[in-house]
$ cat final11.cif   # mmCIF, C-alpha atoms and all ligand atoms
data_target
#
loop_
_atom_site.group_PDB
_atom_site.id
_atom_site.type_symbol
_atom_site.label_atom_id
_atom_site.label_comp_id
_atom_site.auth_asym_id
_atom_site.auth_seq_id
_atom_site.Cartn_x
_atom_site.Cartn_y
_atom_site.Cartn_z
ATOM 1 C CA MET A 1 -4.744 25.234 -16.011
ATOM 2 C CA SER A 2 -3.319 23.838 -12.793
ATOM 3 C CA THR A 3 -5.055 21.009 -10.970
ATOM 4 C CA THR A 4 -5.290 20.867 -7.185
ATOM 5 C CA LEU A 5 -5.257 17.349 -5.774
ATOM 6 C CA SER A 6 -7.604 16.570 -2.901
ATOM 7 C CA ALA A 7 -6.249 15.209 0.395
ATOM 8 C CA LEU A 8 -3.872 12.291 0.390
ATOM 9 C CA GLU A 9 -5.498 8.891 0.992
ATOM 10 C CA VAL A 10 -4.003 5.584 2.103
ATOM 11 C CA VAL A 11 -5.626 2.577 0.413
ATOM 12 C CA PRO A 12 -4.408 -0.738 1.894
ATOM 13 C CA SER A 13 -3.761 -3.542 -0.602
ATOM 14 C CA GLY A 14 -5.847 -5.993 1.433
ATOM 15 C CA ALA A 15 -2.812 -8.292 1.633
ATOM 16 C CA ALA A 16 -0.517 -8.666 4.664
ATOM 17 C CA LEU A 17 1.427 -5.611 3.536
ATOM 18 C CA GLY A 18 1.306 -2.881 0.904
ATOM 19 C CA ALA A 19 -0.839 0.232 0.396
ATOM 20 C CA ASP A 20 -1.436 2.807 -2.317
ATOM 21 C CA ILE A 21 -0.925 6.464 -1.544
ATOM 22 C CA VAL A 22 -3.565 8.234 -3.581
ATOM 23 C CA ASN A 23 -3.800 11.957 -4.414
ATOM 24 C CA LEU A 24 -0.212 12.885 -3.702
ATOM 25 C CA ASP A 25 2.030 14.747 -6.116
ATOM 26 C CA ILE A 26 5.381 13.765 -4.603
ATOM 27 C CA GLY A 27 6.977 16.924 -6.011
ATOM 28 C CA ALA A 28 4.564 19.106 -4.018
ATOM 29 C CA ALA A 29 4.290 17.106 -0.777
ATOM 30 C CA THR A 30 3.832 19.231 2.355
ATOM 31 C CA ASP A 31 5.372 18.353 5.722
ATOM 32 C CA ALA A 32 1.930 17.057 6.765
ATOM 33 C CA ASP A 33 1.867 14.810 3.677
ATOM 34 C CA ILE A 34 5.312 13.449 4.539
ATOM 35 C CA ALA A 35 4.189 12.753 8.122
ATOM 36 C CA ALA A 36 1.131 10.878 6.768
ATOM 37 C CA VAL A 37 3.338 8.892 4.376
ATOM 38 C CA ARG A 38 5.678 7.990 7.265
ATOM 39 C CA THR A 39 2.751 6.695 9.322
ATOM 40 C CA ALA A 40 1.409 4.705 6.366
ATOM 41 C CA TRP A 41 4.903 3.292 5.735
ATOM 42 C CA ARG A 42 5.165 2.094 9.338
ATOM 43 C CA ASP A 43 1.687 0.516 9.123
ATOM 44 C CA HIS A 44 1.872 -1.052 5.647
ATOM 45 C CA LEU A 45 5.652 -1.612 5.120
ATOM 46 C CA VAL A 46 5.475 -1.091 1.344
ATOM 47 C CA LEU A 47 3.852 1.932 -0.323
ATOM 48 C CA ARG A 48 2.921 2.498 -3.946
ATOM 49 C CA PHE A 49 2.517 5.929 -5.569
ATOM 50 C CA ARG A 50 0.660 5.405 -8.850
ATOM 51 C CA GLY A 51 -0.806 7.633 -11.492
ATOM 52 C CA HIS A 52 1.518 10.653 -11.496
ATOM 53 C CA SER A 53 4.453 11.314 -13.806
ATOM 54 C CA PHE A 54 7.542 12.876 -12.261
ATOM 55 C CA GLY A 55 11.247 13.080 -12.981
ATOM 56 C CA ASP A 56 14.477 12.118 -11.243
ATOM 57 C CA THR A 57 14.800 15.393 -9.325
ATOM 58 C CA ALA A 58 11.334 14.974 -7.752
ATOM 59 C CA HIS A 59 12.144 11.331 -6.908
ATOM 60 C CA LEU A 60 15.465 12.312 -5.315
ATOM 61 C CA GLU A 61 14.047 15.244 -3.314
ATOM 62 C CA PHE A 62 11.125 13.094 -2.099
ATOM 63 C CA ALA A 63 13.445 10.250 -1.010
ATOM 64 C CA LYS A 64 15.678 12.712 0.900
ATOM 65 C CA ARG A 65 12.746 13.693 3.106
ATOM 66 C CA PHE A 66 12.962 10.234 4.723
ATOM 67 C CA GLY A 67 16.685 10.432 5.524
ATOM 68 C CA PRO A 68 20.107 10.854 3.925
ATOM 69 C CA LEU A 69 20.624 8.778 0.788
ATOM 70 C CA ASP A 70 23.314 6.243 -0.064
ATOM 71 C CA ILE A 71 25.620 6.783 -3.016
ATOM 72 C CA SER A 72 24.794 4.267 -5.764
ATOM 73 C CA PRO A 73 26.491 0.903 -5.005
ATOM 74 C CA ASN A 74 27.926 0.966 -8.516
ATOM 75 C CA THR A 75 29.924 3.975 -7.488
ATOM 76 C CA ARG A 76 31.173 2.117 -4.440
ATOM 77 C CA PHE A 77 32.168 -1.054 -6.268
ATOM 78 C CA SER A 78 33.181 0.100 -9.741
ATOM 79 C CA GLY A 79 33.934 3.765 -9.227
ATOM 80 C CA GLN A 80 31.603 4.487 -12.164
ATOM 81 C CA PRO A 81 28.207 6.032 -11.294
ATOM 82 C CA TRP A 82 25.337 4.896 -13.529
ATOM 83 C CA MET A 83 23.941 8.448 -13.452
ATOM 84 C CA PRO A 84 26.693 11.058 -12.987
ATOM 85 C CA ASP A 85 24.168 13.893 -12.444
ATOM 86 C CA TYR A 86 22.425 11.877 -9.710
ATOM 87 C CA PRO A 87 25.120 9.921 -7.821
ATOM 88 C CA GLU A 88 22.555 8.729 -5.238
ATOM 89 C CA MET A 89 20.492 7.084 -7.979
ATOM 90 C CA SER A 90 21.018 3.596 -9.407
ATOM 91 C CA ARG A 91 19.715 2.417 -12.721
ATOM 92 C CA ILE A 92 18.161 -1.086 -12.650
ATOM 93 C CA SER A 93 17.708 -2.170 -16.244
ATOM 94 C CA ASN A 94 18.157 -4.880 -18.856
ATOM 95 C CA ILE A 95 18.499 -2.320 -21.667
ATOM 96 C CA LYS A 96 21.773 -2.436 -23.587
ATOM 97 C CA ILE A 97 23.167 0.175 -25.935
ATOM 98 C CA ASP A 98 25.780 -1.087 -28.411
ATOM 99 C CA GLY A 99 26.028 -4.257 -26.305
ATOM 100 C CA GLU A 100 26.773 -2.280 -23.111
ATOM 101 C CA ALA A 101 24.465 -2.587 -20.067
ATOM 102 C CA THR A 102 22.824 0.728 -19.146
ATOM 103 C CA GLY A 103 21.859 -0.545 -15.685
ATOM 104 C CA SER A 104 22.316 -3.427 -13.285
ATOM 105 C CA LEU A 105 20.450 -6.677 -12.494
ATOM 106 C CA GLY A 106 19.495 -7.631 -16.088
ATOM 107 C CA ASP A 107 16.338 -9.610 -16.915
ATOM 108 C CA GLY A 108 16.776 -12.690 -14.722
ATOM 109 C CA GLU A 109 15.118 -13.659 -11.470
ATOM 110 C CA LEU A 110 16.282 -11.826 -8.342
ATOM 111 C CA VAL A 111 16.096 -14.124 -5.338
ATOM 112 C CA TRP A 112 14.433 -13.133 -2.062
ATOM 113 C CA HIS A 113 16.628 -10.665 -0.203
ATOM 114 C CA THR A 114 16.844 -7.571 1.952
ATOM 115 C CA ASP A 115 18.890 -4.760 0.429
ATOM 116 C CA MET A 116 22.523 -4.584 1.534
ATOM 117 C CA SER A 117 22.104 -6.539 4.769
ATOM 118 C CA TYR A 118 25.830 -7.345 4.485
ATOM 119 C CA LEU A 119 26.648 -3.773 5.614
ATOM 120 C CA ASP A 120 27.174 -2.919 9.300
ATOM 121 C CA GLU A 121 24.508 -0.228 8.879
ATOM 122 C CA PRO A 122 22.096 -1.525 6.216
ATOM 123 C CA PRO A 123 19.637 0.856 4.557
ATOM 124 C CA THR A 124 16.350 1.809 6.184
ATOM 125 C CA GLY A 125 14.412 1.771 2.947
ATOM 126 C CA SER A 126 14.553 1.776 -0.837
ATOM 127 C CA LEU A 127 12.537 3.559 -3.527
ATOM 128 C CA LEU A 128 12.097 2.153 -7.034
ATOM 129 C CA HIS A 129 10.580 4.242 -9.843
ATOM 130 C CA ALA A 130 9.429 2.517 -13.039
ATOM 131 C CA LEU A 131 10.289 4.403 -16.216
ATOM 132 C CA GLU A 132 9.768 1.499 -18.634
ATOM 133 C CA VAL A 133 8.104 -1.847 -17.932
ATOM 134 C CA PRO A 134 8.048 -5.004 -20.080
ATOM 135 C CA PRO A 135 4.680 -6.297 -21.418
ATOM 136 C CA SER A 136 4.753 -9.146 -18.876
ATOM 137 C CA GLY A 137 6.946 -10.531 -16.094
ATOM 138 C CA GLY A 138 9.369 -8.625 -13.884
ATOM 139 C CA ASP A 139 6.856 -8.421 -11.002
ATOM 140 C CA THR A 140 8.375 -7.639 -7.598
ATOM 141 C CA LYS A 141 7.102 -9.576 -4.559
ATOM 142 C CA PHE A 142 7.313 -8.310 -1.003
ATOM 143 C CA LEU A 143 7.159 -10.308 2.209
ATOM 144 C CA SER A 144 6.417 -9.156 5.787
ATOM 145 C CA MET A 145 9.227 -10.309 8.042
ATOM 146 C CA TYR A 146 7.121 -9.340 11.087
ATOM 147 C CA ASP A 147 4.632 -11.985 9.979
ATOM 148 C CA ALA A 148 7.399 -14.439 9.106
ATOM 149 C CA LEU A 149 8.594 -14.210 12.718
ATOM 150 C CA GLU A 150 5.166 -14.137 14.324
ATOM 151 C CA THR A 151 4.077 -17.317 12.478
ATOM 152 C CA LEU A 152 7.320 -19.193 13.148
ATOM 153 C CA PRO A 153 6.808 -22.576 14.862
ATOM 154 C CA ALA A 154 7.856 -22.424 18.532
ATOM 155 C CA ASP A 155 10.779 -24.855 18.139
ATOM 156 C CA LEU A 156 12.300 -22.787 15.310
ATOM 157 C CA ARG A 157 11.832 -19.564 17.247
ATOM 158 C CA LYS A 158 13.541 -21.113 20.285
ATOM 159 C CA ALA A 159 16.437 -22.320 18.111
ATOM 160 C CA ILE A 160 17.209 -18.800 16.836
ATOM 161 C CA GLU A 161 16.386 -16.688 19.900
ATOM 162 C CA GLY A 162 19.483 -14.572 20.713
ATOM 163 C CA ARG A 163 21.424 -15.821 17.650
ATOM 164 C CA GLN A 164 23.420 -13.748 15.157
ATOM 165 C CA ILE A 165 23.517 -14.256 11.391
ATOM 166 C CA LYS A 166 26.418 -13.485 9.051
ATOM 167 C CA HIS A 167 25.377 -11.853 5.748
ATOM 168 C CA ASP A 168 27.336 -12.620 2.584
ATOM 169 C CA GLN A 169 28.771 -9.514 0.948
ATOM 170 C CA THR A 170 30.194 -11.238 -2.106
ATOM 171 C CA HIS A 171 27.171 -11.767 -4.404
ATOM 172 C CA ASN A 172 24.142 -9.687 -5.370
ATOM 173 C CA SER A 173 20.566 -10.964 -5.717
ATOM 174 C CA SER A 174 21.087 -11.954 -9.368
ATOM 175 C CA GLY A 175 23.977 -14.190 -8.226
ATOM 176 C CA THR A 176 26.681 -11.909 -9.656
ATOM 177 C CA LEU A 177 30.002 -11.559 -7.817
ATOM 178 C CA ARG A 178 30.374 -7.947 -6.711
ATOM 179 C CA LYS A 179 33.230 -5.944 -8.182
ATOM 180 C CA GLY A 180 36.329 -5.830 -5.983
ATOM 181 C CA LEU A 181 35.551 -9.190 -4.360
ATOM 182 C CA GLU A 182 37.112 -11.416 -7.014
ATOM 183 C CA GLY A 183 39.363 -14.059 -5.465
ATOM 184 C CA VAL A 184 37.722 -13.831 -2.012
ATOM 185 C CA GLU A 185 37.252 -17.209 -0.250
ATOM 186 C CA ILE A 186 33.559 -18.110 -0.699
ATOM 187 C CA ASN A 187 33.549 -21.829 0.077
ATOM 188 C CA ASP A 188 33.675 -21.476 3.857
ATOM 189 C CA VAL A 189 30.587 -19.632 5.106
ATOM 190 C CA THR A 190 32.221 -18.983 8.467
ATOM 191 C CA LYS A 191 34.874 -16.843 6.742
ATOM 192 C CA ILE A 192 32.765 -15.062 4.142
ATOM 193 C CA PRO A 193 33.085 -11.257 4.293
ATOM 194 C CA GLY A 194 29.959 -9.454 5.475
ATOM 195 C CA ALA A 195 28.267 -8.014 8.557
ATOM 196 C CA VAL A 196 26.920 -9.980 11.503
ATOM 197 C CA HIS A 197 23.459 -8.963 12.812
ATOM 198 C CA PRO A 198 20.813 -10.332 15.201
ATOM 199 C CA ILE A 199 18.578 -12.784 13.321
ATOM 200 C CA ILE A 200 15.610 -11.323 15.193
ATOM 201 C CA ARG A 201 15.790 -7.544 14.957
ATOM 202 C CA THR A 202 13.696 -4.825 16.547
ATOM 203 C CA HIS A 203 12.222 -2.160 14.295
ATOM 204 C CA PRO A 204 13.434 1.128 15.795
ATOM 205 C CA GLU A 205 10.184 2.986 15.035
ATOM 206 C CA THR A 206 7.486 0.392 15.753
ATOM 207 C CA GLY A 207 9.301 -1.659 18.427
ATOM 208 C CA ARG A 208 8.044 -4.813 16.632
ATOM 209 C CA LYS A 209 10.384 -7.736 16.118
ATOM 210 C CA ALA A 210 11.107 -9.085 12.645
ATOM 211 C CA LEU A 211 13.035 -12.017 11.223
ATOM 212 C CA TYR A 212 16.188 -10.711 9.506
ATOM 213 C CA LEU A 213 17.524 -13.191 6.945
ATOM 214 C CA GLY A 214 19.233 -11.069 4.248
ATOM 215 C CA ARG A 215 20.045 -13.586 1.501
ATOM 216 C CA ARG A 216 20.033 -17.379 1.731
ATOM 217 C CA ALA A 217 23.228 -18.170 -0.182
ATOM 218 C CA ARG A 218 26.386 -18.264 1.955
ATOM 219 C CA SER A 219 24.669 -16.978 5.107
ATOM 220 C CA TYR A 220 25.712 -18.502 8.420
ATOM 221 C CA LEU A 221 24.327 -18.734 11.962
ATOM 222 C CA VAL A 222 27.323 -17.679 14.000
ATOM 223 C CA GLY A 223 28.658 -20.239 16.485
ATOM 224 C CA LEU A 224 26.870 -23.291 15.026
ATOM 225 C CA PRO A 225 28.538 -26.150 13.121
ATOM 226 C CA VAL A 226 27.998 -25.401 9.411
ATOM 227 C CA ASP A 227 25.674 -28.388 8.820
ATOM 228 C CA GLU A 228 23.408 -27.310 11.722
ATOM 229 C CA SER A 229 23.425 -23.727 10.496
ATOM 230 C CA GLU A 230 22.463 -24.863 6.976
ATOM 231 C CA GLU A 231 19.623 -27.058 8.255
ATOM 232 C CA LEU A 232 18.192 -24.312 10.448
ATOM 233 C CA LEU A 233 18.520 -21.654 7.733
ATOM 234 C CA ASP A 234 16.779 -23.926 5.203
ATOM 235 C CA ALA A 235 13.873 -24.379 7.622
ATOM 236 C CA LEU A 236 13.655 -20.622 8.275
ATOM 237 C CA TRP A 237 13.745 -19.764 4.568
ATOM 238 C CA ASP A 238 11.125 -22.423 3.706
ATOM 239 C CA HIS A 239 8.872 -20.952 6.374
ATOM 240 C CA ALA A 240 9.439 -17.289 5.437
ATOM 241 C CA THR A 241 9.182 -17.549 1.649
ATOM 242 C CA GLY A 242 6.722 -20.440 1.351
ATOM 243 C CA ASN A 243 3.616 -18.620 2.571
ATOM 244 C CA PRO A 244 1.814 -16.407 -0.011
ATOM 245 C CA ALA A 245 -0.493 -15.158 2.801
ATOM 246 C CA ILE A 246 2.319 -12.920 4.089
ATOM 247 C CA GLN A 247 3.287 -11.598 0.635
ATOM 248 C CA TRP A 248 2.126 -8.885 -1.745
ATOM 249 C CA VAL A 249 2.920 -8.721 -5.471
ATOM 250 C CA GLN A 250 3.647 -5.473 -7.298
ATOM 251 C CA GLU A 251 2.649 -5.722 -10.974
ATOM 252 C CA TRP A 252 4.420 -2.712 -12.387
ATOM 253 C CA GLN A 253 2.922 0.073 -14.471
ATOM 254 C CA ALA A 254 5.071 2.846 -15.936
ATOM 255 C CA ASP A 255 5.405 5.788 -13.468
ATOM 256 C CA ASP A 256 4.828 3.598 -10.380
ATOM 257 C CA LEU A 257 7.033 4.471 -7.420
ATOM 258 C CA ILE A 258 7.414 1.821 -4.722
ATOM 259 C CA MET A 259 8.952 2.497 -1.317
ATOM 260 C CA TRP A 260 9.763 -0.402 1.017
ATOM 261 C CA ASP A 261 11.112 -0.783 4.544
ATOM 262 C CA ASN A 262 14.221 -2.964 4.576
ATOM 263 C CA ARG A 263 13.980 -3.398 8.353
ATOM 264 C CA CYS A 264 10.899 -5.610 8.109
ATOM 265 C CA VAL A 265 10.488 -6.592 4.429
ATOM 266 C CA MET A 266 12.214 -8.909 1.956
ATOM 267 C CA HIS A 267 11.624 -8.746 -1.782
ATOM 268 C CA CYS A 268 12.325 -10.738 -4.936
ATOM 269 C CA ARG A 269 11.699 -10.218 -8.653
ATOM 270 C CA ASP A 270 10.455 -12.520 -11.413
ATOM 271 C CA SER A 271 12.460 -12.837 -14.582
ATOM 272 C CA PHE A 272 11.063 -11.357 -17.799
ATOM 273 C CA ASP A 273 11.497 -11.718 -21.552
ATOM 274 C CA PRO A 274 14.920 -10.324 -22.528
ATOM 275 C CA GLY A 275 13.204 -8.763 -25.555
ATOM 276 C CA GLY A 276 11.141 -6.487 -23.257
ATOM 277 C CA ARG A 277 12.589 -3.253 -21.926
ATOM 278 C CA ARG A 278 12.556 -2.596 -18.168
ATOM 279 C CA LEU A 279 14.070 0.572 -16.682
ATOM 280 C CA MET A 280 13.879 1.530 -13.012
ATOM 281 C CA HIS A 281 15.606 4.285 -11.057
ATOM 282 C CA ARG A 282 16.374 3.473 -7.436
ATOM 283 C CA THR A 283 17.347 5.461 -4.344
ATOM 284 C CA VAL A 284 18.335 3.990 -0.993
ATOM 285 C CA ILE A 285 17.849 5.636 2.427
ATOM 286 C CA LEU A 286 20.781 5.123 4.787
ATOM 287 C CA GLY A 287 20.145 3.236 8.022
ATOM 288 C CA ASP A 288 21.565 2.266 11.395
ATOM 289 C CA ARG A 289 23.033 -0.884 12.891
ATOM 290 C CA PRO A 290 20.232 -3.446 13.537
ATOM 291 C CA TYR A 291 19.585 -4.458 17.154
HETATM 292 C C1 LIG A 301 15.968 -4.671 -6.343
HETATM 293 O O1 LIG A 301 16.026 -5.772 -5.806
HETATM 294 O O2 LIG A 301 16.412 -3.654 -5.808
HETATM 295 C C2 LIG A 301 15.306 -4.520 -7.693
HETATM 296 C C3 LIG A 301 13.934 -5.077 -7.711
HETATM 297 C C4 LIG A 301 13.316 -5.032 -9.076
HETATM 298 O O3 LIG A 301 14.034 -4.899 -10.083
HETATM 299 O O4 LIG A 301 12.095 -5.141 -9.157
#
$ encode --input "final11.cif" --output "structure tokens"
Amino acid sequence: MSTTLSALEVVPSGAALGADIVNLDIGAATDADIAAVRTAWRDHLVLRFRGHSFGDTAHLEFAKRFGPLDISPNTRFSGQPWMPDYPEMSRISNIKIDGEATGSLGDGELVWHTDMSYLDEPPTGSLLHALEVPPSGGDTKFLSMYDALETLPADLRKAIEGRQIKHDQTHNSSGTLRKGLEGVEINDVTKIPGAVHPIIRTHPETGRKALYLGRRARSYLVGLPVDESEELLDALWDHATGNPAIQWVQEWQADDLIMWDNRCVMHCRDSFDPGGRRLMHRTVILGDRPY
């Protein structure tokens, strides 16, 4: 017997960001559903779809309705896709088979970051689908970079107005050197490879301004002496990440799908017990140059 879901509902988390999309089978979403999801995404920055089981094809087709997808970074850096049948999909996992990793990013902490900000055209958004979750730990926290900017003390805001930030391409959020970048000079932040973007960016759909920090390590405020850049960046990072009132925590359940907006959100992940299994499939929506 088939079940018809009633109309889609948006249930805000009550925190500064985050909402649940209730009563939506992502594999059967109409154009009107997608329009409602887009509006909710703009308003709440991070969306959670909970309580429905679906497979990789449904995930992929749903993600594509928000824009063209990136090819998995593992393909770009190693030439070896994690999932040959789904080259746009990455596997984020600590699970090993015969000692070989079956996904990236392991079981350690992932520091606060915005996905792939080191690219000239960083992704608009990312989707993460939980297939297996450990009994505890591995929560993912999200942070509103609109709020981080809007609550910035006036002197800090003045110090960064009109400035550009260089984003380090060499390391990922678990601190691992990316493949193909071995031997690159990493001790001089002014020479590190990676894109340069405005540190205050404008969201192309909402017109709101957001702080755009990327990753702390090896970032650089272009044109400043390195010690001044470091001091200013430390102050910005303390402000942005030190305020739980502008954060929301995702405690994963199997089958959860989370979709976040990289143009106005940073995220980080807690470590978890290496004995627990965590398996996520991720897709990334391509984006444009920040302005
Ligand atoms: C990521 O940063 O893309 C992965 C986050 C997570 O594993 O929760």
$ atom_distance --input "final11.cif" --atom1 "CA of Leu119 (chain A)" --atom2 "CA of Ile285 (chain A)"
13.3 Å
$ residues_around --input "final11.cif" --residues "Asn243 (chain A)" --least-positions-apart "6" --cutoff "12 Å" --atoms "only C-alpha atoms" --output "list in words"
Ala16, Phe142, Leu143, Ser144, Met145, Asp147, Ala148, Thr151, Leu152, Leu236 and Trp237 of chain A
$ residues_near_ligand --input "final11.cif" --ligand "ligand LIG 301 (chain A)" --cutoff "10 Å" --atoms "only C-alpha atoms and all ligand atoms" --output "ChimeraX atom specification"
/A:90-94,104-116,126-130,138-142,172-174,250-252,258,266-271,278-284
$ write_last_selection --input "final11.cif" --atoms "C-alpha atoms" --output "compact mmCIF listing (two decimals), keeping the file's coordinate frame"
# COMPACT_ATOMS: atom_id res chain seq x y z
CA SER A 90 21.02 3.60 -9.41
CA ARG A 91 19.72 2.42 -12.72
CA ILE A 92 18.16 -1.09 -12.65
CA SER A 93 17.71 -2.17 -16.24
CA ASN A 94 18.16 -4.88 -18.86
CA SER A 104 22.32 -3.43 -13.28
CA LEU A 105 20.45 -6.68 -12.49
CA GLY A 106 19.50 -7.63 -16.09
CA ASP A 107 16.34 -9.61 -16.92
CA GLY A 108 16.78 -12.69 -14.72
CA GLU A 109 15.12 -13.66 -11.47
CA LEU A 110 16.28 -11.83 -8.34
CA VAL A 111 16.10 -14.12 -5.34
CA TRP A 112 14.43 -13.13 -2.06
CA HIS A 113 16.63 -10.66 -0.20
CA THR A 114 16.84 -7.57 1.95
CA ASP A 115 18.89 -4.76 0.43
CA MET A 116 22.52 -4.58 1.53
CA SER A 126 14.55 1.78 -0.84
CA LEU A 127 12.54 3.56 -3.53
CA LEU A 128 12.10 2.15 -7.03
CA HIS A 129 10.58 4.24 -9.84
CA ALA A 130 9.43 2.52 -13.04
CA GLY A 138 9.37 -8.62 -13.88
CA ASP A 139 6.86 -8.42 -11.00
CA THR A 140 8.38 -7.64 -7.60
CA LYS A 141 7.10 -9.58 -4.56
CA PHE A 142 7.31 -8.31 -1.00
CA ASN A 172 24.14 -9.69 -5.37
CA SER A 173 20.57 -10.96 -5.72
CA SER A 174 21.09 -11.95 -9.37
CA GLN A 250 3.65 -5.47 -7.30
CA GLU A 251 2.65 -5.72 -10.97
CA TRP A 252 4.42 -2.71 -12.39
CA ILE A 258 7.41 1.82 -4.72
CA MET A 266 12.21 -8.91 1.96
CA HIS A 267 11.62 -8.75 -1.78
CA CYS A 268 12.32 -10.74 -4.94
CA ARG A 269 11.70 -10.22 -8.65
CA ASP A 270 10.46 -12.52 -11.41
CA SER A 271 12.46 -12.84 -14.58
CA ARG A 278 12.56 -2.60 -18.17
CA LEU A 279 14.07 0.57 -16.68
CA MET A 280 13.88 1.53 -13.01
CA HIS A 281 15.61 4.28 -11.06
CA ARG A 282 16.37 3.47 -7.44
CA THR A 283 17.35 5.46 -4.34
CA VAL A 284 18.34 3.99 -0.99
$ closest_residue --input "final11.cif" --among "A:Ile160, A:Val249, A:Met259, A:Ala254" --to "Gly14 (chain A)" --atoms "only C-alpha atoms"
A:Val249
$ residues_around --input "final11.cif" --residues "Arg38 (chain A)" --least-positions-apart "2" --cutoff "12 Å" --atoms "all atoms listed in the file" --output "PyMOL selection string"
chain A and resi 10+21+31-36+40-47+62-63+65-67+125+205-206+259-261
$ resolve_selection --input "final11.cif" --expression "the PyMOL selection byres (((chain A and resi 277) around 10) and not hetatm)" --output "compact mmCIF listing (two decimals) with C-alpha atoms, keeping the file's coordinate frame"
# COMPACT_ATOMS: atom_id res chain seq x y z
CA SER A 93 17.71 -2.17 -16.24
CA ASN A 94 18.16 -4.88 -18.86
CA ILE A 95 18.50 -2.32 -21.67
CA LYS A 96 21.77 -2.44 -23.59
CA ASP A 107 16.34 -9.61 -16.92
CA LEU A 131 10.29 4.40 -16.22
CA GLU A 132 9.77 1.50 -18.63
CA VAL A 133 8.10 -1.85 -17.93
CA PRO A 134 8.05 -5.00 -20.08
CA PRO A 135 4.68 -6.30 -21.42
CA PHE A 272 11.06 -11.36 -17.80
CA ASP A 273 11.50 -11.72 -21.55
CA PRO A 274 14.92 -10.32 -22.53
CA GLY A 275 13.20 -8.76 -25.56
CA GLY A 276 11.14 -6.49 -23.26
CA ARG A 278 12.56 -2.60 -18.17
CA LEU A 279 14.07 0.57 -16.68
$ axis_aligned_box --input "final11.cif" --around "region 183-192 of chain A" --padding-each-side "8 Å" --output "AutoDock Vina command-line options"
--center_x 35.0 --center_y -17.8 --center_z 1.5 --size_x 24.8 --size_y 24.0 --size_z 29.9
$ atom_distance --input "final11.cif" --atom1 "CA of Tyr86 (chain A)" --atom2 "CA of Asp255 (chain A)"
18.5 Å
$ closest_residue --input "final11.cif" --among "A:Leu257, A:Val265, A:Leu177, A:Ala210" --to "Asp25 (chain A)" --atoms "only C-alpha atoms"
A:Leu257
$ resolve_selection --input "final11.cif" --expression "the PyMOL selection byres (((chain A and resi 24) around 8) and not hetatm)" --output "list in words"
Leu5, Ala7, Leu8, Ile21, Val22, Asn23, Asp25, Ile26, Ala28, Ala29, Asp33 and Phe49 of chain A
$ closest_atom_pairs --input "final11.cif" --of "region 105-136 of chain A" --to "region 188-197 of chain A" --cutoff "10 Å" --atoms "all atoms listed in the file" --output "Markdown table"
| residue | atom | partner | partner_atom | distance |
| --- | --- | --- | --- | --- |
| A:Met116 | CA | A:Ala195 | CA | 9.7 |
| A:Ser117 | CA | A:Ala195 | CA | 7.4 |
| A:Tyr118 | CA | A:Gly194 | CA | 4.7 |
| A:Leu119 | CA | A:Ala195 | CA | 5.4 |
| A:Asp120 | CA | A:Ala195 | CA | 5.3 |
| A:Glu121 | CA | A:Ala195 | CA | 8.7 |
| A:Pro122 | CA | A:Ala195 | CA | 9.3 |
$ atom_distance --input "final11.cif" --atom1 "CA of Phe54 (chain A)" --atom2 "CA of Ile97 (chain A)"
24.3 Å
